[in-house]
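Asks: File query20.txt below, compact mmCIF, C-alpha atoms and all ligand atoms:
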```txt
# COMPACT_ATOMS: atom_id res chain seq x y z
CA MET A 192 -58.95 25.98 300.89
CA SER A 193 -61.41 26.23 298.10
CA TYR A 194 -61.66 29.09 295.63
CA VAL A 195 -64.02 29.90 292.81
CA ILE A 196 -64.09 32.53 290.06
CA ARG A 197 -67.56 33.89 289.40
CA ALA A 198 -69.38 36.93 287.98
CA ALA A 199 -69.07 40.06 290.16
CA ARG A 200 -72.15 41.12 292.16
CA ASP A 201 -73.19 44.44 293.69
CA SER A 202 -72.15 43.19 297.10
CA ASP A 203 -68.55 42.89 295.79
CA LEU A 204 -68.21 46.69 295.58
CA GLN A 205 -66.60 47.11 299.01
CA PRO A 206 -63.95 44.38 298.59
CA LEU A 207 -63.21 45.65 295.04
CA TYR A 208 -62.72 49.12 296.47
CA GLU A 209 -60.43 47.77 299.21
CA MET A 210 -58.34 45.95 296.60
CA ALA A 211 -58.24 49.02 294.31
CA LYS A 212 -56.67 50.96 297.17
CA LEU A 213 -53.89 48.36 297.35
CA THR A 214 -52.83 48.61 293.68
CA GLY A 215 -50.60 51.64 294.18
CA GLY A 216 -51.77 53.54 291.09
CA GLY A 217 -51.22 53.22 287.38
CA PHE A 218 -53.84 50.49 287.34
CA THR A 219 -56.32 52.06 284.94
CA ASN A 220 -58.96 49.33 285.11
CA LEU A 221 -59.24 49.30 288.89
CA PRO A 222 -59.45 52.90 290.11
CA PRO A 223 -59.85 53.38 293.87
CA GLU A 224 -63.07 55.38 293.38
CA LYS A 225 -66.41 53.90 294.33
CA PRO A 226 -68.57 55.65 291.69
CA ALA A 227 -66.22 54.43 288.93
CA LEU A 228 -66.23 50.89 290.35
CA ARG A 229 -70.01 50.96 290.71
CA ALA A 230 -70.32 52.02 287.06
CA LYS A 231 -68.10 49.09 286.09
CA LEU A 232 -70.30 46.68 288.04
CA GLU A 233 -73.41 48.04 286.33
CA ARG A 234 -71.80 47.65 282.91
CA SER A 235 -70.81 44.13 283.85
CA HIS A 236 -74.32 43.20 285.02
CA ALA A 237 -75.69 44.35 281.64
CA ALA A 238 -73.11 42.22 279.83
CA PHE A 239 -73.93 39.10 281.86
CA ASP A 240 -77.66 39.71 281.34
CA ARG A 241 -77.38 40.07 277.56
CA ASP A 242 -77.82 36.56 276.20
CA ALA A 243 -76.92 37.11 272.54
CA ASP A 244 -74.26 36.04 270.08
CA THR A 245 -72.93 39.41 268.97
CA ILE A 246 -69.79 41.35 269.84
CA GLU A 247 -70.45 44.55 271.76
CA ASP A 248 -68.37 47.11 273.60
CA GLU A 249 -69.21 45.74 277.04
CA LEU A 250 -67.38 44.64 280.15
CA PHE A 251 -67.34 41.45 282.19
CA VAL A 252 -66.03 41.70 285.75
CA LEU A 253 -65.10 38.44 287.46
CA VAL A 254 -64.04 37.95 291.08
CA LEU A 255 -62.12 35.30 292.99
CA GLU A 256 -63.97 34.15 296.12
CA ASN A 257 -62.51 32.17 298.98
CA LEU A 258 -65.38 29.75 299.60
CA ASP A 259 -64.24 28.96 303.14
CA THR A 260 -64.49 32.57 304.31
CA GLY A 261 -66.80 34.07 301.67
CA GLU A 262 -64.20 36.79 301.07
CA VAL A 263 -63.44 38.25 297.64
CA ARG A 264 -59.68 38.06 297.18
CA GLY A 265 -59.05 38.88 293.55
CA THR A 266 -60.60 40.20 290.36
CA CYS A 267 -60.15 40.38 286.59
CA GLN A 268 -61.95 41.93 283.63
CA ILE A 269 -62.70 41.21 279.98
CA PHE A 270 -63.64 43.84 277.39
CA PRO A 271 -65.08 42.00 274.36
CA HIS A 272 -64.65 44.81 271.84
CA VAL A 273 -62.40 47.81 272.47
CA GLY A 274 -62.52 50.86 270.24
CA GLN A 275 -66.08 50.38 269.06
CA ARG A 276 -67.61 53.45 270.66
CA TRP A 277 -64.47 55.41 271.52
CA PRO A 278 -61.32 54.95 269.44
CA PHE A 279 -58.69 52.82 271.17
CA TYR A 280 -55.25 54.42 271.12
CA SER A 281 -51.80 52.88 271.01
CA TYR A 282 -48.36 53.95 269.97
CA ARG A 283 -46.93 51.63 267.36
CA ILE A 284 -43.17 51.76 267.02
CA GLY A 285 -42.34 52.02 263.34
CA THR A 286 -39.10 52.36 261.46
CA ILE A 287 -38.10 54.84 258.79
CA THR A 288 -34.87 54.11 256.94
CA LYS A 289 -32.95 56.73 254.96
CA ARG A 290 -29.86 56.37 252.80
CA SER A 291 -27.43 58.95 251.49
CA GLU A 292 -25.43 57.50 248.63
CA GLU A 293 -22.99 60.43 248.69
CA LEU A 294 -22.21 59.95 252.38
CA GLY A 295 -22.39 56.18 252.13
CA ARG A 296 -24.68 56.07 255.18
CA THR A 297 -27.95 54.32 255.95
CA PHE A 298 -29.90 55.48 258.99
CA SER A 299 -32.91 53.88 260.62
CA ALA A 300 -35.04 56.02 262.89
CA GLU A 301 -37.69 54.66 265.20
CA ILE A 302 -40.97 56.52 265.29
CA LEU A 303 -43.93 56.53 267.67
CA ASN A 304 -47.10 56.48 265.56
CA LEU A 305 -50.44 57.19 267.22
CA VAL A 306 -52.74 54.45 265.89
CA ASN A 307 -56.10 52.79 266.45
CA ASP A 308 -54.90 49.45 265.06
CA LEU A 309 -56.16 47.44 268.00
CA GLY A 310 -59.76 48.58 267.69
CA GLY A 311 -62.02 45.55 267.35
CA ALA A 312 -59.84 43.40 269.58
CA SER A 313 -60.93 41.99 272.92
CA GLU A 314 -58.99 43.07 275.98
CA VAL A 315 -58.16 41.18 279.13
CA GLY A 316 -57.14 43.31 282.09
CA GLY A 317 -57.87 44.51 285.58
CA LEU A 318 -56.24 41.45 287.11
CA PHE A 319 -55.56 41.97 290.80
CA LEU A 320 -54.87 39.36 293.44
CA HIS A 321 -54.88 40.31 297.12
CA PRO A 322 -51.27 40.42 298.45
CA GLY A 323 -52.27 37.85 301.08
CA GLU A 324 -53.08 35.27 298.38
CA ARG A 325 -50.04 35.43 296.12
CA ALA A 326 -49.25 31.75 296.36
CA GLY A 327 -50.96 28.60 295.22
CA GLY A 328 -51.46 29.50 291.59
CA LEU A 329 -54.41 31.86 292.14
CA GLY A 330 -52.96 34.55 289.83
CA LEU A 331 -52.81 32.00 287.07
CA LEU A 332 -56.34 30.88 287.88
CA LEU A 333 -57.61 34.47 287.52
CA ALA A 334 -55.72 35.03 284.27
CA ARG A 335 -56.71 31.77 282.64
CA ALA A 336 -60.34 31.93 283.81
CA ARG A 337 -60.69 34.86 281.39
CA TYR A 338 -59.53 32.72 278.47
CA LEU A 339 -61.93 29.95 279.46
CA PHE A 340 -64.75 32.51 279.60
CA ILE A 341 -63.78 33.73 276.12
CA ARG A 342 -63.62 30.19 274.76
CA ASN A 343 -67.01 29.27 276.19
CA HIS A 344 -68.65 32.47 274.84
CA ARG A 345 -66.53 32.66 271.70
CA SER A 346 -69.03 34.56 269.49
CA ARG A 347 -69.02 37.41 272.01
CA PHE A 348 -65.28 38.10 271.44
CA GLY A 349 -62.98 39.33 268.69
CA ASP A 350 -60.33 37.40 266.78
CA ARG A 351 -57.51 39.21 268.55
CA VAL A 352 -56.94 39.63 272.30
CA LEU A 353 -54.76 42.25 273.90
CA ALA A 354 -53.41 42.88 277.37
CA GLU A 355 -51.81 46.14 278.46
CA LEU A 356 -49.06 45.94 281.04
CA ARG A 357 -48.31 48.81 283.38
CA GLY A 358 -45.23 50.76 282.35
CA ILE A 359 -42.30 51.90 284.47
CA ILE A 360 -43.12 54.31 287.31
CA ASP A 361 -40.36 56.03 289.33
CA GLU A 362 -40.21 56.22 293.16
CA ALA A 363 -42.15 59.50 293.14
CA GLY A 364 -45.00 57.86 291.21
CA GLY A 365 -44.06 59.71 288.02
CA SER A 366 -43.84 58.11 284.58
CA PRO A 367 -40.65 58.96 282.63
CA PHE A 368 -42.45 58.20 279.35
CA TRP A 369 -45.40 60.42 280.23
CA ASP A 370 -43.07 63.26 281.27
CA GLY A 371 -41.17 63.02 277.98
CA VAL A 372 -44.12 62.62 275.60
CA ALA A 373 -47.84 63.13 276.32
CA GLY A 374 -47.33 65.03 279.57
CA ARG A 375 -46.12 68.04 277.60
CA PHE A 376 -49.56 68.36 276.00
CA PHE A 377 -51.89 67.63 278.90
CA GLY A 378 -50.82 69.98 281.71
CA MET A 379 -51.18 67.26 284.33
CA ASN A 380 -48.96 64.58 285.79
CA PHE A 381 -49.24 60.89 284.95
CA GLN A 382 -51.23 59.98 288.07
CA GLU A 383 -53.78 62.70 287.35
CA ALA A 384 -54.11 61.71 283.70
CA ASP A 385 -54.41 58.01 284.44
CA GLN A 386 -56.99 58.71 287.15
CA PHE A 387 -58.93 60.99 284.81
CA ASN A 388 -58.83 58.29 282.13
CA ALA A 389 -60.06 55.63 284.55
CA VAL A 390 -63.00 57.75 285.67
CA HIS A 391 -63.97 59.73 282.55
CA GLY A 392 -62.88 57.55 279.62
CA ASN A 393 -60.57 58.57 276.83
CA GLN A 394 -62.22 61.45 274.94
CA PHE A 395 -59.60 63.81 276.40
CA ILE A 396 -56.94 61.73 274.63
CA ALA A 397 -58.56 62.41 271.24
CA ASP A 398 -58.77 66.07 272.18
CA LEU A 399 -55.23 66.66 273.41
CA MET A 400 -52.91 63.91 272.19
CA PRO A 401 -50.43 65.18 269.54
CA LYS A 402 -51.30 63.68 266.13
CA HIS A 403 -47.87 63.85 264.52
CA PRO A 404 -45.39 60.98 264.68
CA VAL A 405 -42.68 61.37 267.32
CA TYR A 406 -39.02 60.54 266.62
CA ILE A 407 -37.81 58.38 269.49
CA ALA A 408 -34.25 59.73 269.01
CA MET A 409 -35.51 63.16 270.05
CA LEU A 410 -36.93 62.02 273.39
CA SER A 411 -35.04 62.30 276.66
CA GLU A 412 -32.97 59.28 277.65
CA SER A 413 -35.29 58.64 280.60
CA ALA A 414 -38.35 58.45 278.34
CA ARG A 415 -36.59 56.42 275.66
CA SER A 416 -35.21 53.85 278.07
CA VAL A 417 -38.62 52.68 279.35
CA ILE A 418 -40.39 52.15 276.01
CA GLY A 419 -41.93 48.69 275.87
CA LEU A 420 -40.80 47.75 279.37
CA PRO A 421 -43.30 46.52 281.98
CA HIS A 422 -43.39 47.81 285.56
CA PRO A 423 -41.28 45.39 287.69
CA SER A 424 -44.49 44.17 289.33
CA GLY A 425 -45.76 43.21 285.87
CA ARG A 426 -42.83 41.04 284.79
CA ALA A 427 -44.48 37.86 286.03
CA ALA A 428 -47.69 38.86 284.24
CA MET A 429 -45.71 39.40 281.04
CA ARG A 430 -44.19 35.92 281.31
CA MET A 431 -47.63 34.47 281.95
CA LEU A 432 -48.97 36.17 278.82
CA GLU A 433 -46.03 34.91 276.77
CA ASN A 434 -46.68 31.38 277.98
CA GLU A 435 -50.25 31.77 276.71
CA GLY A 436 -48.94 32.78 273.29
CA PHE A 437 -49.15 36.56 273.58
CA ALA A 438 -46.33 38.59 272.06
CA TYR A 439 -45.05 42.15 272.21
CA GLU A 440 -45.61 43.45 268.66
CA LYS A 441 -44.28 46.98 269.17
CA TYR A 442 -47.49 48.44 270.50
CA VAL A 443 -47.07 50.48 273.68
CA ASP A 444 -49.34 52.42 275.99
CA ILE A 445 -49.54 56.06 274.92
CA PHE A 446 -49.30 57.28 278.52
CA ASP A 447 -46.62 55.21 280.23
CA GLY A 448 -44.95 53.37 277.32
CA GLY A 449 -45.73 49.96 278.85
CA PRO A 450 -45.99 47.01 276.44
CA THR A 451 -49.29 45.94 274.89
CA MET A 452 -49.29 42.18 274.39
CA THR A 453 -51.43 40.66 271.65
CA ALA A 454 -52.49 37.19 270.51
CA ARG A 455 -54.88 35.55 268.07
CA THR A 456 -57.83 34.53 270.24
CA ASP A 457 -57.99 30.96 268.92
CA GLN A 458 -54.23 30.54 269.38
CA VAL A 459 -54.28 31.38 273.10
CA LYS A 460 -52.97 28.25 274.80
CA THR A 461 -55.83 27.90 277.29
CA VAL A 462 -58.41 28.45 274.52
CA ARG A 463 -56.69 25.89 272.31
CA GLU A 464 -56.14 23.21 274.94
CA ALA A 465 -59.44 23.36 276.82
CA ARG A 466 -61.95 20.59 276.15
CA ASP A 467 -65.51 19.83 277.21
CA PHE A 468 -66.61 16.64 278.93
CA GLU A 469 -69.68 15.26 280.63
CA LEU A 470 -69.35 14.60 284.34
CA THR A 471 -69.88 10.90 285.02
CA GLY A 472 -68.85 10.78 288.66
CA VAL A 473 -67.22 12.49 291.62
CA ALA A 474 -63.98 11.01 292.93
CA GLU A 475 -60.64 12.04 294.43
CA GLY A 476 -57.58 12.05 292.19
CA GLY A 477 -56.77 12.97 288.65
CA VAL A 478 -54.90 15.60 286.68
CA PRO A 479 -54.54 19.04 288.35
CA SER A 480 -56.72 21.27 286.17
CA LEU A 481 -58.83 24.37 285.83
CA ILE A 482 -62.45 23.29 285.71
CA ALA A 483 -65.20 25.56 284.40
CA THR A 484 -68.94 25.35 284.12
CA GLY A 485 -71.97 27.49 283.32
CA ARG A 486 -72.84 30.31 280.96
CA LEU A 487 -72.73 34.05 281.55
CA ARG A 488 -73.79 34.88 285.12
CA ASP A 489 -73.55 31.20 286.11
CA PHE A 490 -70.00 30.81 284.79
CA ARG A 491 -67.65 29.42 287.47
CA VAL A 492 -64.06 28.19 287.47
CA THR A 493 -62.09 26.38 290.14
CA LEU A 494 -58.79 24.55 290.58
CA GLY A 495 -59.25 20.83 291.00
CA GLU A 496 -58.52 17.35 289.72
CA VAL A 497 -59.96 15.75 286.62
CA GLY A 498 -60.07 11.97 286.22
CA ASP A 499 -61.79 9.90 283.56
CA GLY A 500 -65.04 11.85 283.40
CA THR A 501 -64.71 12.65 287.10
CA ILE A 502 -63.72 15.60 289.25
CA ASP A 503 -62.83 15.74 292.95
CA PRO A 504 -65.62 16.31 295.52
CA ALA A 505 -64.36 19.77 296.61
CA SER A 506 -64.46 21.01 293.01
CA ALA A 507 -67.93 19.56 292.45
CA ALA A 508 -69.10 21.47 295.53
CA ALA A 509 -67.28 24.66 294.52
CA LEU A 510 -68.87 24.57 291.07
CA GLY A 511 -72.25 23.27 292.23
CA VAL A 512 -72.27 20.52 289.61
CA GLY A 513 -73.38 16.89 289.50
CA VAL A 514 -73.34 13.86 287.22
CA GLY A 515 -74.59 14.69 283.72
CA ASP A 516 -73.39 18.32 283.74
CA VAL A 517 -71.07 19.44 280.96
CA LEU A 518 -67.78 20.92 282.17
CA THR A 519 -64.70 22.41 280.56
CA GLU A 520 -61.23 21.41 281.68
CA VAL A 521 -57.70 22.46 280.89
CA GLU A 522 -54.56 21.15 282.52
CA ARG A 523 -52.87 23.37 285.12
N1 LIG A 601 -52.42 54.23 280.93
C1 LIG A 601 -53.39 54.87 280.29
N2 LIG A 601 -54.39 55.37 280.96
N3 LIG A 601 -53.30 54.98 278.97
C2 LIG A 601 -54.23 55.70 278.16
C3 LIG A 601 -55.32 54.85 277.62
C4 LIG A 601 -54.95 54.16 276.41
C5 LIG A 601 -55.97 53.14 275.99
N4 LIG A 601 -55.37 52.26 275.06
C6 LIG A 601 -57.21 53.82 275.39
O1 LIG A 601 -57.23 54.12 274.21
O2 LIG A 601 -58.17 54.05 276.09
```
As a first step, turn the structure in this file into structure tokens.
Replies:
Amino acid sequence: MSYVIRAARDSDLQPLYEMAKLTGGGFTNLPPEKPALRAKLERSHAAFDRDADTIEDELFVLVLENLDTGEVRGTCQIFPHVGQRWPFYSYRIGTITKRSEELGRTFSAEILNLVNDLGGASEVGGLFLHPGERAGGLGLLLARARYLFIRNHRSRFGDRVLAELRGIIDEAGGSPFWDGVAGRFFGMNFQEADQFNAVHGNQFIADLMPKHPVYIAMLSESARSVIGLPHPSGRAAMRMLENEGFAYEKYVDIFDGGPTMTARTDQVKTVREARDFELTGVAEGGVPSLIATGRLRDFRVTLGEVGDGTIDPASAAALGVGVGDVLTEVER
């Protein structure tokens, strides 16, 4: 089977919608609403069409296509510059330490601070792989294709990259963190708020989110216990991000308390290890690799084998490349 990652097209709307319905909620970047998805595709087209070297608040949507069937089986997104137009919100967990000499006691309290620290960063997100394809390293292909895209269009991205992981959701679809913190100020449940956010953006956060720091000690045990923890379905994603050099630096999602992972763009493993080479021939065999080619709308990535200046025939066909083309490779 042969797969390729490529820019999303208008005709991908239906499969994107079908996949969005499979996410089970809490997946802000892939709402199961066609108008919202269509708006994302339009934003993405504009980003791929803009051939310039500057960082803008835009969005690239990529899809994973099974070349044997023509079906779209996965997707991922890159936001080059969050917080440029609308502030980007996070809770940063800070510490305040107090000492009473008379009592001989020192106390440290943890505080949730509403911050816009991550404004200016690039964000990777919206990664979804069809449940029927969760083998064969395709999740990793989707994730790492984003870093190759960033590397090959480096001036379009910030010096820091972030990834938000879904937080803990209970069986009823509720978020213990939401119920204990922001929910008290929004008059809606987590699903409604997340849905509203996905469709209408985050102005309502600026309007309603409490501005004062929150003492974690004063939250309910259920809210406290999920801070910085990913949804069980996101544990593998968290490990993948850590392997790329991302770390949890005490930033959490203001709605569900899920961890925000950050990394220096140039320190991301795939960005650091990728290298360019000129294709001198097509032959079987070589090192299992991710192979990328093309700029902007023509950007493509596949899984294949890289020899000494060569790639395997299936990859050459998947990428539509021939001798003399310049490719990017990074070991699997
Ligand atoms: N799970 C959520 N919808 N969280 C709220 C959005 C937070 C996001 N960092 C923003 O500022 O837009």
Asks: Between A:Ile418, A:Val462, A:Val517, A:Val473, single out the one closest to A:Arg337, counting all atoms listed in the file.
Replies: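 Among A:Ile418, A:Val462, A:Val517, A:Val473, it is A:Val462 that comes nearest to A:Arg337.
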Asks: I need the residue nearest ligand LIG 601 (chain A) from this list: A:Gly364, A:Gly285, A:Gly261, A:Gly310. Use only C-alpha atoms and all ligand atoms for the distance.
Replies: A:Gly310
Asks: Given the choices A:Phe348, A:Phe218, A:Phe376, A:Phe490, which gets closest to A:Phe319 if the distance is worked out from only C-alpha atoms?
Replies: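 Checking each candidate against A:Phe319, we get A:Phe218 as the closest.
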Asks: Of the candidates A:Tyr338, A:Tyr439, A:Phe381, A:Tyr280, which one gets nearest to ligand LIG 601 (chain A) if we count all atoms listed in the file?
Replies: A:Tyr280
Asks: Write out as JSON lines a residue-level contact list of chain A versus ligand LIG 601 (chain A) with cut-off 9 Å: for each qualifying residue the closest pair of atoms and the distance in Å to one decimal, counting all atoms listed in the file, rows sorted by chain and residue number upward.
Replies:
```
{"residue": "A:Gly217", "atom": "CA", "partner": "A:LIG601", "partner_atom": "N1", "distance": 6.6}
{"residue": "A:Phe218", "atom": "CA", "partner": "A:LIG601", "partner_atom": "N1", "distance": 7.6}
{"residue": "A:Thr219", "atom": "CA", "partner": "A:LIG601", "partner_atom": "N2", "distance": 5.5}
{"residue": "A:Asn220", "atom": "CA", "partner": "A:LIG601", "partner_atom": "N2", "distance": 8.6}
{"residue": "A:Val273", "atom": "CA", "partner": "A:LIG601", "partner_atom": "O1", "distance": 8.3}
{"residue": "A:Gly274", "atom": "CA", "partner": "A:LIG601", "partner_atom": "O1", "distance": 7.4}
{"residue": "A:Trp277", "atom": "CA", "partner": "A:LIG601", "partner_atom": "O1", "distance": 7.8}
{"residue": "A:Pro278", "atom": "CA", "partner": "A:LIG601", "partner_atom": "O1", "distance": 6.3}
{"residue": "A:Phe279", "atom": "CA", "partner": "A:LIG601", "partner_atom": "O1", "distance": 3.6}
{"residue": "A:Tyr280", "atom": "CA", "partner": "A:LIG601", "partner_atom": "O1", "distance": 3.7}
{"residue": "A:Ser281", "atom": "CA", "partner": "A:LIG601", "partner_atom": "N4", "distance": 5.4}
{"residue": "A:Tyr282", "atom": "CA", "partner": "A:LIG601", "partner_atom": "N4", "distance": 8.8}
{"residue": "A:Asn307", "atom": "CA", "partner": "A:LIG601", "partner_atom": "O1", "distance": 8.0}
{"residue": "A:Leu309", "atom": "CA", "partner": "A:LIG601", "partner_atom": "N4", "distance": 8.6}
{"residue": "A:Gly310", "atom": "CA", "partner": "A:LIG601", "partner_atom": "O1", "distance": 8.9}
{"residue": "A:Glu355", "atom": "CA", "partner": "A:LIG601", "partner_atom": "N4", "distance": 7.9}
{"residue": "A:Leu356", "atom": "CA", "partner": "A:LIG601", "partner_atom": "N1", "distance": 8.9}
{"residue": "A:Arg357", "atom": "CA", "partner": "A:LIG601", "partner_atom": "N1", "distance": 7.2}
{"residue": "A:Gly358", "atom": "CA", "partner": "A:LIG601", "partner_atom": "N1", "distance": 8.1}
{"residue": "A:Phe381", "atom": "CA", "partner": "A:LIG601", "partner_atom": "N1", "distance": 8.4}
{"residue": "A:Ala384", "atom": "CA", "partner": "A:LIG601", "partner_atom": "N2", "distance": 6.9}
{"residue": "A:Asp385", "atom": "CA", "partner": "A:LIG601", "partner_atom": "N2", "distance": 4.4}
{"residue": "A:Gln386", "atom": "CA", "partner": "A:LIG601", "partner_atom": "N2", "distance": 7.5}
{"residue": "A:Phe387", "atom": "CA", "partner": "A:LIG601", "partner_atom": "N2", "distance": 8.2}
{"residue": "A:Asn388", "atom": "CA", "partner": "A:LIG601", "partner_atom": "N2", "distance": 5.4}
{"residue": "A:Ala389", "atom": "CA", "partner": "A:LIG601", "partner_atom": "N2", "distance": 6.7}
{"residue": "A:Gly392", "atom": "CA", "partner": "A:LIG601", "partner_atom": "O2", "distance": 6.8}
{"residue": "A:Asn393", "atom": "CA", "partner": "A:LIG601", "partner_atom": "O2", "distance": 5.2}
{"residue": "A:Gln394", "atom": "CA", "partner": "A:LIG601", "partner_atom": "O2", "distance": 8.5}
{"residue": "A:Ile396", "atom": "CA", "partner": "A:LIG601", "partner_atom": "C2", "distance": 7.5}
{"residue": "A:Ala397", "atom": "CA", "partner": "A:LIG601", "partner_atom": "O1", "distance": 8.9}
{"residue": "A:Val443", "atom": "CA", "partner": "A:LIG601", "partner_atom": "N4", "distance": 8.6}
{"residue": "A:Asp444", "atom": "CA", "partner": "A:LIG601", "partner_atom": "N3", "distance": 5.6}
{"residue": "A:Ile445", "atom": "CA", "partner": "A:LIG601", "partner_atom": "N3", "distance": 5.6}
{"residue": "A:Phe446", "atom": "CA", "partner": "A:LIG601", "partner_atom": "N3", "distance": 4.6}
{"residue": "A:Asp447", "atom": "CA", "partner": "A:LIG601", "partner_atom": "N1", "distance": 5.9}
{"residue": "A:Gly448", "atom": "CA", "partner": "A:LIG601", "partner_atom": "N1", "distance": 8.3}
{"residue": "A:Gly449", "atom": "CA", "partner": "A:LIG601", "partner_atom": "N1", "distance": 8.2}
{"residue": "A:Thr451", "atom": "CA", "partner": "A:LIG601", "partner_atom": "N4", "distance": 8.8}
```
Asks: With C-alpha atoms kept, could you save the residues just selected as a short mmCIF file (atom, residue, chain, number, x, y, z; two decimals), in the coordinates of the input?
Replies:
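The resulting selection-v8.cif:
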```
data_model
loop_
_atom_site.label_atom_id
_atom_site.label_comp_id
_atom_site.auth_asym_id
_atom_site.auth_seq_id
_atom_site.Cartn_x
_atom_site.Cartn_y
_atom_site.Cartn_z
CA GLY A 217 -51.22 53.22 287.38
CA PHE A 218 -53.84 50.49 287.34
CA THR A 219 -56.32 52.06 284.94
CA ASN A 220 -58.96 49.33 285.11
CA VAL A 273 -62.40 47.81 272.47
CA GLY A 274 -62.52 50.86 270.24
CA TRP A 277 -64.47 55.41 271.52
CA PRO A 278 -61.32 54.95 269.44
CA PHE A 279 -58.69 52.82 271.17
CA TYR A 280 -55.25 54.42 271.12
CA SER A 281 -51.80 52.88 271.01
CA TYR A 282 -48.36 53.95 269.97
CA ASN A 307 -56.10 52.79 266.45
CA LEU A 309 -56.16 47.44 268.00
CA GLY A 310 -59.76 48.58 267.69
CA GLU A 355 -51.81 46.14 278.46
CA LEU A 356 -49.06 45.94 281.04
CA ARG A 357 -48.31 48.81 283.38
CA GLY A 358 -45.23 50.76 282.35
CA PHE A 381 -49.24 60.89 284.95
CA ALA A 384 -54.11 61.71 283.70
CA ASP A 385 -54.41 58.01 284.44
CA GLN A 386 -56.99 58.71 287.15
CA PHE A 387 -58.93 60.99 284.81
CA ASN A 388 -58.83 58.29 282.13
CA ALA A 389 -60.06 55.63 284.55
CA GLY A 392 -62.88 57.55 279.62
CA ASN A 393 -60.57 58.57 276.83
CA GLN A 394 -62.22 61.45 274.94
CA ILE A 396 -56.94 61.73 274.63
CA ALA A 397 -58.56 62.41 271.24
CA VAL A 443 -47.07 50.48 273.68
CA ASP A 444 -49.34 52.42 275.99
CA ILE A 445 -49.54 56.06 274.92
CA PHE A 446 -49.30 57.28 278.52
CA ASP A 447 -46.62 55.21 280.23
CA GLY A 448 -44.95 53.37 277.32
CA GLY A 449 -45.73 49.96 278.85
CA THR A 451 -49.29 45.94 274.89
#
```
Asks: Point out the residue among A:Val306, A:Leu221, A:Ala227, A:Met452 with the least atom-to-atom distance to A:Met429, counting all atoms listed in the file.
Replies: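 Closest to A:Met429, using all atoms listed in the file: A:Met452.
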Asks: Pick out the residues sitting within 6 Å of stretch 467-471 of chain A, and hand them over as a PyMOL selection string; count all atoms listed in the file, and ignore anything fewer than 6 positions along from it in its own chain.
Replies: chain A and resi 500-501+514-519
Asks: How would the residues just picked look written out with C-alpha atoms as a tab-separated table (two decimals), in the coordinates of the input?
Replies:
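Output saved as again-v8.tsv:
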```tsv
chain	number	residue	atom	x	y	z
A	500	GLY	CA	-65.04	11.85	283.40
A	501	THR	CA	-64.71	12.65	287.10
A	514	VAL	CA	-73.34	13.86	287.22
A	515	GLY	CA	-74.59	14.69	283.72
A	516	ASP	CA	-73.39	18.32	283.74
A	517	VAL	CA	-71.07	19.44	280.96
A	518	LEU	CA	-67.78	20.92	282.17
A	519	THR	CA	-64.70	22.41	280.56
```
Asks: Taking (-63.6, 25.7, 303.4) in the file's coordinates as the center, which residues reach within 8 Å of it, counting only C-alpha atoms, put as a PDB file with C-alpha atoms, keeping the file's coordinate frame?
Replies:
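Result written to selection-v2.pdb:
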```
ATOM      1  CA  MET A 192     -58.950  25.980 300.890  1.00  0.00           C
ATOM      2  CA  SER A 193     -61.410  26.230 298.100  1.00  0.00           C
ATOM      3  CA  ASN A 257     -62.510  32.170 298.980  1.00  0.00           C
ATOM      4  CA  LEU A 258     -65.380  29.750 299.600  1.00  0.00           C
ATOM      5  CA  ASP A 259     -64.240  28.960 303.140  1.00  0.00           C
ATOM      6  CA  THR A 260     -64.490  32.570 304.310  1.00  0.00           C
TER       7      THR A 260
END
```
Asks: Any idea what's packed within 9 Å of A:Leu332, counting all atoms listed in the file, ignoring anything in its chain fewer than 5 positions away? Could you give it as a list in words?
Replies: Ile196, Leu255, Arg337, Leu481, Val492, Thr493, Leu494 and Arg523 of chain A
Asks: Given all atoms listed in the file as the basis, pick out the residue of A:Glu522, A:Asp350, A:Asp361, A:Asp308 nearest to A:Gly477.
Replies: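 Answer, going by the shortest atom-to-atom distance: A:Glu522.
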